[in-house]
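Source file: input06.txt. Holds: compact mmCIF, C-alpha atoms.
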# COMPACT_ATOMS: atom_id res chain seq x y z
CA MET A 1 138.02 158.77 47.45
CA LYS A 2 138.61 157.27 43.99
CA ALA A 3 142.37 157.18 44.56
CA PHE A 4 141.86 155.50 47.92
CA VAL A 5 139.69 152.81 46.34
CA LEU A 6 142.26 152.15 43.60
CA VAL A 7 145.05 151.80 46.17
CA ALA A 8 142.91 149.44 48.24
CA LEU A 9 142.19 147.30 45.17
CA ALA A 10 145.88 147.19 44.28
CA ILE A 11 146.77 146.04 47.79
CA ALA A 12 144.07 143.35 47.67
CA GLN A 13 145.32 142.09 44.31
CA LEU A 14 148.91 141.96 45.60
CA ALA A 15 147.81 140.01 48.66
CA ALA A 16 146.01 137.51 46.44
CA ALA A 17 148.90 137.02 43.99
CA GLN A 18 150.39 133.59 43.44
CA SER A 19 154.01 133.23 44.58
CA SER A 20 156.74 133.23 41.93
CA ILE A 21 158.01 129.88 43.26
CA VAL A 22 155.13 128.23 41.37
CA THR A 23 155.54 127.28 37.71
CA GLY A 24 152.50 128.29 35.64
CA THR A 25 148.94 128.77 36.87
CA ALA A 26 146.14 126.33 37.56
CA PRO A 27 144.04 125.30 34.56
CA GLY A 28 140.40 124.36 34.84
CA PHE A 29 138.33 124.43 37.99
CA ALA A 30 141.07 125.54 40.38
CA ALA A 31 141.87 128.62 38.27
CA GLY A 32 142.70 131.55 40.52
CA VAL A 33 144.07 129.47 43.39
CA THR A 34 146.89 131.36 45.13
CA GLY A 35 148.06 129.03 47.90
CA GLY A 36 150.45 130.96 50.13
CA GLY A 37 149.90 134.09 48.07
CA SER A 38 152.35 136.89 48.83
CA ALA A 39 153.70 135.33 52.04
CA PRO A 40 157.50 135.07 52.23
CA THR A 41 159.17 131.87 51.00
CA THR A 42 160.16 129.36 53.68
CA PHE A 43 162.80 126.71 52.96
CA ILE A 44 162.31 123.44 54.84
CA SER A 45 164.99 120.81 55.46
CA THR A 46 163.58 118.25 57.94
CA THR A 47 160.46 116.07 58.18
CA ALA A 48 159.48 117.68 61.49
CA GLU A 49 159.75 121.18 60.02
CA LEU A 50 157.64 120.16 57.03
CA ILE A 51 154.81 118.78 59.19
CA THR A 52 154.84 121.89 61.37
CA ALA A 53 154.74 124.22 58.38
CA LEU A 54 151.99 122.42 56.47
CA GLU A 55 149.83 121.98 59.56
CA SER A 56 150.18 125.60 60.71
CA SER A 57 147.48 128.22 60.26
CA GLY A 58 147.91 131.15 57.90
CA PRO A 59 149.48 131.52 54.42
CA MET A 60 152.87 129.95 53.71
CA ASN A 61 155.00 129.38 50.61
CA ILE A 62 157.15 126.31 51.29
CA VAL A 63 160.07 125.04 49.21
CA ILE A 64 161.69 121.64 49.76
CA GLY A 65 164.40 119.69 47.96
CA GLY A 66 165.79 116.18 48.14
CA THR A 67 164.48 113.28 50.21
CA PHE A 68 162.15 113.58 53.19
CA ASP A 69 162.02 110.08 54.65
CA PHE A 70 159.28 109.74 57.27
CA ARG A 71 159.74 106.01 57.82
CA GLY A 72 160.58 105.32 61.45
CA THR A 73 159.87 108.89 62.57
CA GLU A 74 156.57 107.96 64.27
CA GLY A 75 157.35 104.42 65.38
CA THR A 76 155.35 101.33 64.41
CA THR A 77 151.75 100.19 64.75
CA THR A 78 150.56 96.60 65.14
CA LEU A 79 147.23 95.81 63.45
CA PRO A 80 145.29 92.64 62.59
CA SER A 81 145.47 91.55 58.96
CA CYS A 82 144.26 88.75 56.76
CA PHE A 83 145.56 87.44 53.44
CA PRO A 84 142.66 87.13 50.94
CA TYR A 85 144.71 87.33 47.73
CA THR A 86 146.38 84.47 45.91
CA CYS A 87 149.85 85.72 46.82
CA VAL A 88 151.07 86.98 50.19
CA PRO A 89 153.25 90.09 50.71
CA SER A 90 156.48 88.11 50.75
CA ALA A 91 155.57 86.75 47.29
CA GLY A 92 154.63 90.11 45.78
CA GLY A 93 151.05 90.30 47.05
CA GLN A 94 149.25 92.30 49.70
CA GLY A 95 147.65 91.63 53.03
CA LEU A 96 144.38 93.31 54.01
CA LEU A 97 144.26 95.24 57.25
CA ASN A 98 141.03 94.52 59.11
CA THR A 99 140.40 98.26 59.41
CA LEU A 100 136.69 98.09 58.50
CA ASP A 101 136.16 94.43 59.39
CA GLY A 102 136.83 93.61 55.75
CA CYS A 103 138.43 90.28 56.58
CA GLY A 104 135.12 88.73 57.57
CA SER A 105 135.67 85.18 58.76
CA LEU A 106 139.22 84.91 57.43
CA PRO A 107 141.90 84.16 60.04
CA LEU A 108 143.69 87.24 61.41
CA THR A 109 147.39 87.76 61.98
CA ASN A 110 148.98 90.74 63.72
CA VAL A 111 151.34 92.65 61.43
CA VAL A 112 153.65 95.60 62.05
CA LEU A 113 153.36 98.77 59.94
CA ASP A 114 155.24 102.03 59.84
CA THR A 115 152.95 104.49 61.62
CA ALA A 116 153.90 107.51 59.51
CA GLY A 117 152.41 105.98 56.38
CA ILE A 118 148.98 105.22 57.80
CA GLU A 119 147.76 108.84 57.82
CA GLY A 120 149.02 111.80 55.81
CA ILE A 121 150.13 115.25 56.86
CA ASN A 122 147.03 117.38 57.58
CA VAL A 123 147.69 120.27 55.19
CA GLN A 124 145.95 123.50 56.21
CA SER A 125 144.46 126.23 54.03
CA ASP A 126 146.47 128.83 52.11
CA LYS A 127 149.60 126.76 51.56
CA THR A 128 151.97 126.35 48.61
CA LEU A 129 154.41 123.42 48.60
CA VAL A 130 156.94 123.23 45.76
CA GLY A 131 159.72 120.69 45.22
CA LEU A 132 163.08 121.72 43.76
CA GLY A 133 164.26 119.68 40.79
CA THR A 134 163.20 116.18 39.83
CA ASN A 135 164.29 114.28 42.95
CA THR A 136 162.10 115.77 45.71
CA GLN A 137 160.40 112.88 47.51
CA LEU A 138 158.12 112.35 50.48
CA ILE A 139 158.88 108.75 51.44
CA GLY A 140 156.55 106.94 53.80
CA LYS A 141 153.93 109.66 54.26
CA GLY A 142 151.20 111.25 52.12
CA LEU A 143 149.14 114.43 52.24
CA ARG A 144 145.65 114.86 53.65
CA PHE A 145 143.23 117.69 52.88
CA VAL A 146 140.16 117.91 55.14
CA ASP A 147 137.84 120.95 55.31
CA VAL A 148 140.52 123.21 53.77
CA SER A 149 140.90 125.39 50.68
CA ASN A 150 143.34 127.40 48.52
CA ILE A 151 146.32 125.03 48.31
CA ILE A 152 149.00 124.38 45.64
CA ILE A 153 151.18 121.24 45.62
CA GLN A 154 153.76 121.06 42.82
CA ASN A 155 156.69 118.93 41.65
CA ILE A 156 157.04 116.24 44.32
CA GLU A 157 156.86 112.45 44.53
CA ILE A 158 154.97 110.57 47.24
CA THR A 159 156.11 106.98 47.59
CA ASN A 160 156.44 103.87 49.77
CA LEU A 161 153.47 103.98 52.15
CA ASN A 162 153.31 100.45 53.63
CA PRO A 163 152.75 98.92 50.16
CA GLU A 164 152.50 95.39 51.59
CA TYR A 165 149.07 96.10 53.14
CA VAL A 166 145.77 97.44 51.82
CA TRP A 167 144.82 100.39 54.07
CA GLY A 168 148.52 100.88 54.76
CA GLY A 169 148.45 104.43 53.36
CA ASP A 170 146.97 106.77 50.73
CA ALA A 171 149.06 109.29 48.82
CA LEU A 172 146.50 112.13 48.62
CA VAL A 173 143.19 112.22 50.51
CA PHE A 174 140.46 114.86 50.01
CA SER A 175 137.33 115.53 52.07
CA GLY A 176 135.29 118.72 52.23
CA THR A 177 137.79 120.79 50.22
CA SER A 178 137.85 123.50 47.56
CA LYS A 179 140.35 125.33 45.34
CA ILE A 180 143.24 122.85 45.40
CA TRP A 181 145.74 122.46 42.56
CA ILE A 182 147.90 119.30 42.43
CA ASP A 183 150.49 119.64 39.65
CA HIS A 184 153.47 117.55 38.49
CA VAL A 185 153.09 115.03 41.32
CA THR A 186 154.20 111.40 41.07
CA THR A 187 152.66 108.73 43.30
CA SER A 188 153.99 105.17 43.66
CA LEU A 189 154.28 102.11 45.93
CA LEU A 190 151.21 102.70 48.08
CA GLY A 191 149.24 100.57 50.49
CA ARG A 192 145.98 101.79 49.00
CA GLN A 193 144.77 104.74 46.90
CA HIS A 194 146.88 107.09 44.84
CA TYR A 195 143.98 109.59 45.06
CA SER A 196 141.08 109.17 47.46
CA PHE A 197 138.08 111.51 47.40
CA GLY A 198 135.77 110.89 50.34
CA GLU A 199 132.03 111.25 50.68
CA SER A 200 132.13 114.96 51.58
CA SER A 201 132.17 117.46 48.72
CA ASP A 202 135.46 118.51 47.11
CA ASP A 203 135.02 121.53 44.88
CA LEU A 204 137.20 123.29 42.30
CA ILE A 205 140.11 120.86 42.30
CA THR A 206 142.64 120.52 39.49
CA ILE A 207 145.05 117.61 39.14
CA SER A 208 147.42 118.27 36.27
CA ASN A 209 150.59 116.87 34.69
CA SER A 210 150.72 114.08 37.26
CA PHE A 211 151.83 110.46 37.14
CA ILE A 212 150.05 107.54 38.77
CA ASN A 213 152.83 104.97 38.69
CA GLY A 214 151.17 101.64 39.34
CA VAL A 215 154.33 99.54 39.01
CA THR A 216 154.52 97.91 42.41
CA THR A 217 156.36 95.26 44.39
CA ASN A 218 153.11 94.38 46.22
CA SER A 219 150.02 93.81 44.12
CA ALA A 220 146.52 92.70 45.14
CA THR A 221 146.27 91.13 41.66
CA CYS A 222 149.67 89.44 42.06
CA ASP A 223 150.98 90.76 38.74
CA GLY A 224 153.00 93.86 39.65
CA HIS A 225 150.04 96.17 38.90
CA THR A 226 148.31 98.32 41.50
CA TYR A 227 144.55 97.98 41.84
CA TRP A 228 143.99 101.05 44.00
CA GLY A 229 144.21 104.02 41.62
CA LEU A 230 141.46 106.63 42.00
CA GLU A 231 138.46 106.39 44.28
CA LEU A 232 135.78 109.00 43.60
CA VAL A 233 132.86 108.54 45.97
CA GLY A 234 131.98 112.15 46.86
CA SER A 235 128.42 113.40 46.96
CA GLY A 236 127.98 115.65 43.94
CA ASP A 237 131.69 115.82 43.13
CA ARG A 238 132.72 117.64 39.94
CA ILE A 239 136.12 116.61 38.66
CA THR A 240 138.09 117.27 35.49
CA PHE A 241 140.78 114.74 34.64
CA TYR A 242 142.70 116.44 31.89
CA SER A 243 145.60 115.08 29.85
CA PRO A 244 148.19 112.46 30.90
CA PHE A 245 146.48 111.69 34.17
CA VAL A 246 142.85 111.40 35.13
CA LEU A 247 140.66 114.48 34.86
CA ILE A 248 137.72 114.26 37.17
CA HIS A 249 134.75 116.58 37.23
CA PRO A 250 132.28 115.62 40.02
CA ARG A 251 129.13 117.59 40.80
CA ILE A 252 129.76 118.95 44.24
CA VAL A 253 133.45 118.56 43.83
CA ASP A 254 135.28 120.32 41.02
CA HIS A 255 138.35 118.21 40.24
CA LEU A 256 140.43 118.98 37.19
CA PHE A 257 142.89 116.24 36.42
CA THR A 258 144.95 117.45 33.46
CA GLU A 259 147.87 116.03 31.49
CA ASN A 260 148.19 112.95 33.64
CA TYR A 261 149.61 109.50 32.98
CA VAL A 262 148.15 106.33 34.52
CA LEU A 263 150.47 103.34 34.20
CA ASN A 264 150.30 99.69 35.28
CA THR A 265 147.00 99.54 37.13
CA SER A 266 144.57 96.62 37.28
CA GLY A 267 141.37 98.34 38.44
CA ARG A 268 139.83 101.43 40.05
CA SER A 269 141.20 103.83 37.42
CA PRO A 270 138.86 105.37 38.37
CA ALA A 271 136.18 103.96 40.65
CA LEU A 272 133.47 106.35 39.49
CA SER A 273 130.75 106.56 42.13
CA GLY A 274 129.09 108.94 44.56
CA ASN A 275 127.21 111.11 42.04
CA THR A 276 130.54 112.15 40.56
CA LEU A 277 130.70 114.03 37.28
CA PHE A 278 134.02 113.13 35.65
CA HIS A 279 135.55 114.84 32.61
CA ALA A 280 138.59 112.93 31.35
CA VAL A 281 140.55 114.82 28.69
CA ASN A 282 143.90 114.04 27.02
CA ASN A 283 145.05 111.42 29.51
CA VAL A 284 147.11 108.33 28.75
CA TRP A 285 146.12 105.02 30.34
CA GLU A 286 148.73 102.35 29.62
CA ASN A 287 149.36 98.71 30.49
CA ASN A 288 146.27 97.96 32.55
CA SER A 289 145.91 94.25 33.26
CA GLY A 290 142.33 94.30 34.51
CA HIS A 291 139.70 97.02 34.02
CA LEU A 292 139.87 100.81 34.17
CA ILE A 293 136.39 102.11 34.95
CA GLU A 294 134.22 100.71 37.73
CA GLY A 295 131.67 102.24 40.09
CA THR A 296 127.99 102.60 40.91
CA ALA A 297 124.83 103.85 39.24
CA ASP A 298 125.56 107.47 40.15
CA GLY A 299 128.89 107.74 38.33
CA MET A 300 128.98 109.90 35.17
CA GLY A 301 131.98 110.37 32.86
CA VAL A 302 132.86 112.07 29.59
CA TYR A 303 136.06 110.72 28.01
CA GLU A 304 137.64 112.62 25.10
CA GLY A 305 141.08 112.90 23.53
CA ASN A 306 142.45 110.09 25.69
CA ALA A 307 144.80 107.29 24.64
CA PHE A 308 144.12 103.75 25.88
CA ILE A 309 147.15 101.50 25.35
CA ASN A 310 147.47 97.78 26.21
CA THR A 311 144.22 97.90 28.17
CA PRO A 312 142.00 94.90 27.38
CA THR A 313 139.03 96.06 29.49
CA VAL A 314 138.17 99.75 29.60
CA VAL A 315 134.84 99.39 31.46
CA VAL A 316 134.13 96.61 33.95
CA ASP A 317 131.24 94.28 33.11
CA GLY A 318 128.01 95.43 34.70
CA PHE A 319 128.88 99.12 35.09
CA VAL A 320 125.52 100.90 35.47
CA GLY A 321 126.54 104.57 35.48
CA GLN A 322 126.53 106.91 32.49
CA LEU A 323 129.56 107.18 30.18
CA TYR A 324 130.36 108.92 26.92
CA ASP A 325 133.22 107.77 24.68
CA ALA A 326 134.02 110.47 22.11
CA THR A 327 134.42 109.22 18.55
CA THR A 328 134.69 110.92 15.18
CA ALA A 329 131.07 109.94 14.56
CA ASN A 330 129.53 111.40 17.74
CA ALA A 331 131.88 114.34 18.45
CA ALA A 332 129.29 116.98 17.49
CA GLN A 333 127.06 115.89 20.38
CA CYS A 334 129.25 117.97 22.70
CA VAL A 335 128.63 121.31 21.00
CA ALA A 336 125.52 122.33 22.94
CA GLU A 337 127.18 122.18 26.38
CA PHE A 338 130.92 122.32 25.59
CA LYS A 339 130.67 124.93 22.80
CA ARG A 340 132.96 122.73 20.70
CA ASP A 341 133.14 119.24 19.27
CA CYS A 342 134.55 116.58 21.55
CA VAL A 343 137.83 114.95 20.46
CA ALA A 344 137.91 111.24 19.68
CA ASN A 345 139.71 108.82 21.97
CA SER A 346 142.32 106.43 20.55
CA PHE A 347 142.80 102.74 21.26
CA SER A 348 145.91 100.59 20.77
CA ASN A 349 145.59 96.95 21.81
CA ALA A 350 142.66 98.05 23.96
CA GLY A 351 139.15 96.80 24.52
CA ALA A 352 135.92 98.33 23.29
CA PHE A 353 134.37 101.40 24.93
CA PRO A 354 130.87 101.36 23.39
CA GLU A 355 129.32 104.10 25.54
CA ASP A 356 127.39 107.01 24.04
CA GLN A 357 125.18 108.42 26.80
CA THR A 358 124.61 112.18 26.80
CA GLY A 359 121.66 112.60 29.16
CA PHE A 360 123.90 114.04 31.87
CA PHE A 361 125.60 116.66 29.65
CA ALA A 362 123.39 119.39 31.16
CA ASP A 363 125.31 118.93 34.42
CA PHE A 364 128.29 120.63 32.75
CA ASN A 365 126.32 123.84 32.37
CA GLY A 366 128.26 126.76 33.88
CA LEU A 367 131.47 124.76 34.40
CA THR A 368 134.83 125.59 32.85
CA ILE A 369 135.43 123.21 29.93
CA VAL A 370 139.07 122.65 29.00
CA SER A 371 140.21 122.36 25.40
CA ALA A 372 141.34 119.03 24.00
CA ALA A 373 144.13 117.96 21.63
CA SER A 374 144.08 114.90 19.42
CA ALA A 375 144.78 111.66 21.26
CA ALA A 376 147.62 110.82 18.87
CA SER A 377 149.46 114.02 19.73
CA ILE A 378 149.65 113.27 23.46
CA VAL A 379 150.80 109.64 23.39
CA SER A 380 154.48 110.54 23.66
CA THR A 381 154.32 113.95 25.34
CA VAL A 382 152.16 113.08 28.35
CA PRO A 383 154.20 110.15 29.73
CA ALA A 384 157.40 112.17 29.33
CA SER A 385 156.15 115.29 31.12
CA ALA A 386 153.84 113.85 33.80
CA GLY A 387 154.97 113.70 37.42
CA ASN A 388 157.75 115.55 39.24
CA THR A 389 159.62 116.43 36.05
CA LEU A 390 160.05 120.20 36.49
CA PRO A 391 163.79 120.99 36.51
CA THR A 392 163.54 123.79 39.11
Will you turn the file into structure tokens for me?
Amino acid sequence: MKAFVLVALAIAQLAAAQSSIVTGTAPGFAAGVTGGGSAPTTFISTTAELITALESSGPMNIVIGGTFDFRGTEGTTTLPSCFPYTCVPSAGGQGLLNTLDGCGSLPLTNVVLDTAGIEGINVQSDKTLVGLGTNTQLIGKGLRFVDVSNIIIQNIEITNLNPEYVWGGDALVFSGTSKIWIDHVTTSLLGRQHYSFGESSDDLITISNSFINGVTTNSATCDGHTYWGLELVGSGDRITFYSPFVLIHPRIVDHLFTENYVLNTSGRSPALSGNTLFHAVNNVWENNSGHLIEGTADGMGVYEGNAFINTPTVVVDGFVGQLYDATTANAAQCVAEFKRDCVANSFSNAGAFPEDQTGFFADFNGLTIVSAASAASIVSTVPASAGNTLPT
């Protein structure tokens, strides 16, 4: 009987193993995610094959390489839009699709969008998607995760989703998810959010080594910076944003954002709302022309070991949530819950971050707390390694 049990355990462990196509393992909240597990590797070469594979049921390990251009593959869609910003799309601005009647009394004009960009591929549970080399791109279509779990996405770029129009397309959308690891992903030239977490809970999610590239040809602030970075509105989300990108640690949603780089935004980096607990560790925010942190009374964030560069406003005026900016003077306040001192943030040509609220630290009880390096040590390494930079 004992031998039988040992064999059964060995088989179960093999079935749960992460595929060798993945580089490394998930840090933080998504630790243990296996994606496609021990399923055979499938190589995909067309956009249609990729949609079919990602939207299929059952475990799959999927490898892609090169350019997957979805533009024109699903035709066009005509929608009403208004133009509330000081510059129009043809002059480097954005229009606003009247998707949620956001245009109010402004005059409406019908505009034509590429249909593929409006909604992402509906990725199903137990999937691994890995890009080969540093040039694997999904052009014109993002990824959508709704009521799914156990997924790994690594080493791809998502770009060019109707950037002329707000609501034209989100790169990665999460709603009602758990155990998802997003690693070495670059996002750029989007109609709306780089990362959008909806009102339903998203639990045990790690975003690591990723690059939010806000340099854009179409800007709501008319200055080549994207406004629509990270929207965190989930109920009880727990998110860790760790290193060069944003590490989010919401209450009902566990999001680990590690070693990420956020460049050239003008707002919503993040929008911290929806009872979200956000842990931002060792990230680099650079060249922000407006504000980084906004949100509602329910947003809570611990920021440590981050570098803020050329960012005049770290927190928007009137923010009413709870924030903690780690300094050399207050670092010991973290010991009770984190079992270590917090690591001070660094500021270069950046505005003040005078927040020292610790009343929500008890919400970290029982959660995995990542380690933190000095902010100075990550200023050059994070921007260089974030995004789809893995050679194989």
- Task: Write out as a list in words the residues lying within 7 Å of stretch 352-356 of chain A, counting all atoms listed in the file and excluding same-chain residues fewer than 2 positions away.
- Result: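 That gives Val314, Val315, Leu323, Tyr324, Asp325, Ala350 and Thr358 of chain A.
Of the residues under consideration (A:Ser200, A:Ser81, A:Ser371, A:Asn345), A:Ser371 shows the shortest atom-to-atom contact distance to A:Gly28 when counting only C-alpha atoms.
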Once you add 6 Å to each side, what are the centre and edge lengths of the axis-aligned box holding all listed atoms of stretch 210-220 of chain A? One decimal in Å, as AutoDock Vina command-line options, if you can.
--center_x 151.4 --center_y 103.4 --center_z 41.7 --size_x 21.8 --size_y 33.4 --size_z 21.1
- Point out the residue among A:Ala372, A:Ile62, A:Val233, A:Ala336 with the least atom-to-atom distance to A:Gly299, counting only C-alpha atoms.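 When distances to A:Gly299 are compared using only C-alpha atoms, the smallest one comes from A:Val233.
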- Item | Distance query A:Gly301 at most 9 Å, all atoms listed in the file, self and fewer than 3 positions along chain excluded, as a ChimeraX atom specification | /A:248-250,272,276-280,321-325,360
- Query: Please, which residues are within 10 Å of (141.7, 112.7, 51.8) by the file's coordinates, counting all atoms listed in the file, and could they come as number ranges by chain?
  - Reply: A: 119-120, 122, 142-147, 170-177, 193, 195-200, 202
- Nearest-residue call for A:Pro383, choices A:Ala91, A:Phe361, A:Ser210, A:Thr313, using all atoms listed in the file: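 Looking only at the distances to A:Pro383, the closest residue turns out to be A:Ser210.
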- Counting only C-alpha atoms, the residue of A:Asp114, A:Glu304, A:Asp69, A:Glu164 that sits nearest A:Leu189: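 Of the candidates, the smallest distance to A:Leu189 is held by A:Glu164.
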Name the residues in contact with A:Asn213 at a cut-off of 8 Å, using only C-alpha atoms, excluding same-chain residues fewer than 5 positions from it; report them as a compact mmCIF listing (two decimals) with C-alpha atoms, in the frame of the given file.
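Written file, out39.txt:
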# COMPACT_ATOMS: atom_id res chain seq x y z
CA THR A 186 154.20 111.40 41.07
CA THR A 187 152.66 108.73 43.30
CA SER A 188 153.99 105.17 43.66
CA LEU A 189 154.28 102.11 45.93
CA TYR A 261 149.61 109.50 32.98
CA VAL A 262 148.15 106.33 34.52
CA LEU A 263 150.47 103.34 34.20
CA ASN A 264 150.30 99.69 35.28
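Shortest separation to A:Phe319 among A:Ile118, A:Ala376, A:Leu292, A:Cys103 occurs at residue A:Leu292, atoms counted being only C-alpha atoms.
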- Query: A:Trp181: which residues within 7 Å, counting all atoms listed in the file, same-chain residues fewer than 5 positions away excluded, as a PyMOL selection string?
  - Reply: chain A and resi 26+30+151-153+205-207
- Task: Enter the distance from atom CA of A:Ser178 to atom CA of A:Phe43, in Å, rounded to one decimal.
- Result: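 Taking atom CA of A:Ser178 and atom CA of A:Phe43, their separation equals 25.7 Å.
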- Message: With distances taken over only C-alpha atoms, which residue among A:Ile239, A:Ala307, A:Leu79, A:Ile212 lies nearest A:Ser377?
- Response: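 For A:Ser377, the nearest of the candidates is A:Ala307.
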- Task: To one decimal in Å, tell me the separation between atom CA of A:Leu132 and atom CA of A:Asn150.
- Result: 21.1 Å
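With atom CA of A:Ser269 on one side and atom CA of A:Asn306 on the other, the separation reads 13.4 Å.
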Have stretch 202-220 of chain A completed to N, CA and C atoms, please, and pass it along as a compact mmCIF listing (two decimals), keeping the file's coordinate frame.
# COMPACT_ATOMS: atom_id res chain seq x y z
N ASP A 202 134.16 117.90 47.44
CA ASP A 202 135.46 118.51 47.11
C ASP A 202 135.26 119.33 45.84
N ASP A 203 135.43 120.63 45.95
CA ASP A 203 135.02 121.53 44.88
C ASP A 203 136.21 122.29 44.30
N LEU A 204 136.19 122.47 42.98
CA LEU A 204 137.20 123.29 42.30
C LEU A 204 138.61 122.75 42.52
N ILE A 205 138.82 121.51 42.12
CA ILE A 205 140.11 120.86 42.30
C ILE A 205 140.69 120.47 40.94
N THR A 206 141.94 120.85 40.72
CA THR A 206 142.64 120.52 39.49
C THR A 206 143.82 119.61 39.79
N ILE A 207 143.89 118.50 39.08
CA ILE A 207 145.05 117.61 39.14
C ILE A 207 145.64 117.58 37.74
N SER A 208 146.86 118.08 37.61
CA SER A 208 147.42 118.27 36.27
C SER A 208 148.84 117.71 36.18
N ASN A 209 149.21 117.26 34.99
CA ASN A 209 150.59 116.87 34.69
C ASN A 209 151.14 115.86 35.69
N SER A 210 150.29 114.98 36.20
CA SER A 210 150.72 114.08 37.26
C SER A 210 150.79 112.63 36.79
N PHE A 211 151.49 111.82 37.55
CA PHE A 211 151.83 110.46 37.14
C PHE A 211 151.41 109.48 38.22
N ILE A 212 150.41 108.67 37.91
CA ILE A 212 150.05 107.54 38.77
C ILE A 212 150.89 106.35 38.31
N ASN A 213 151.93 106.07 39.04
CA ASN A 213 152.83 104.97 38.69
C ASN A 213 152.38 103.72 39.44
N GLY A 214 151.69 102.84 38.72
CA GLY A 214 151.17 101.64 39.34
C GLY A 214 152.11 100.46 39.37
N VAL A 215 153.34 100.61 38.90
CA VAL A 215 154.33 99.54 39.01
C VAL A 215 154.62 99.32 40.49
N THR A 216 154.42 98.12 40.97
CA THR A 216 154.52 97.91 42.41
C THR A 216 155.14 96.55 42.74
N THR A 217 155.80 96.51 43.88
CA THR A 217 156.36 95.26 44.39
C THR A 217 155.32 94.44 45.14
N ASN A 218 154.17 95.05 45.46
CA ASN A 218 153.11 94.38 46.22
C ASN A 218 151.76 94.67 45.58
N SER A 219 151.20 93.64 44.97
CA SER A 219 150.02 93.81 44.12
C SER A 219 148.88 92.91 44.59
N ALA A 220 147.68 93.50 44.78
CA ALA A 220 146.52 92.70 45.14
C ALA A 220 146.14 91.73 44.03
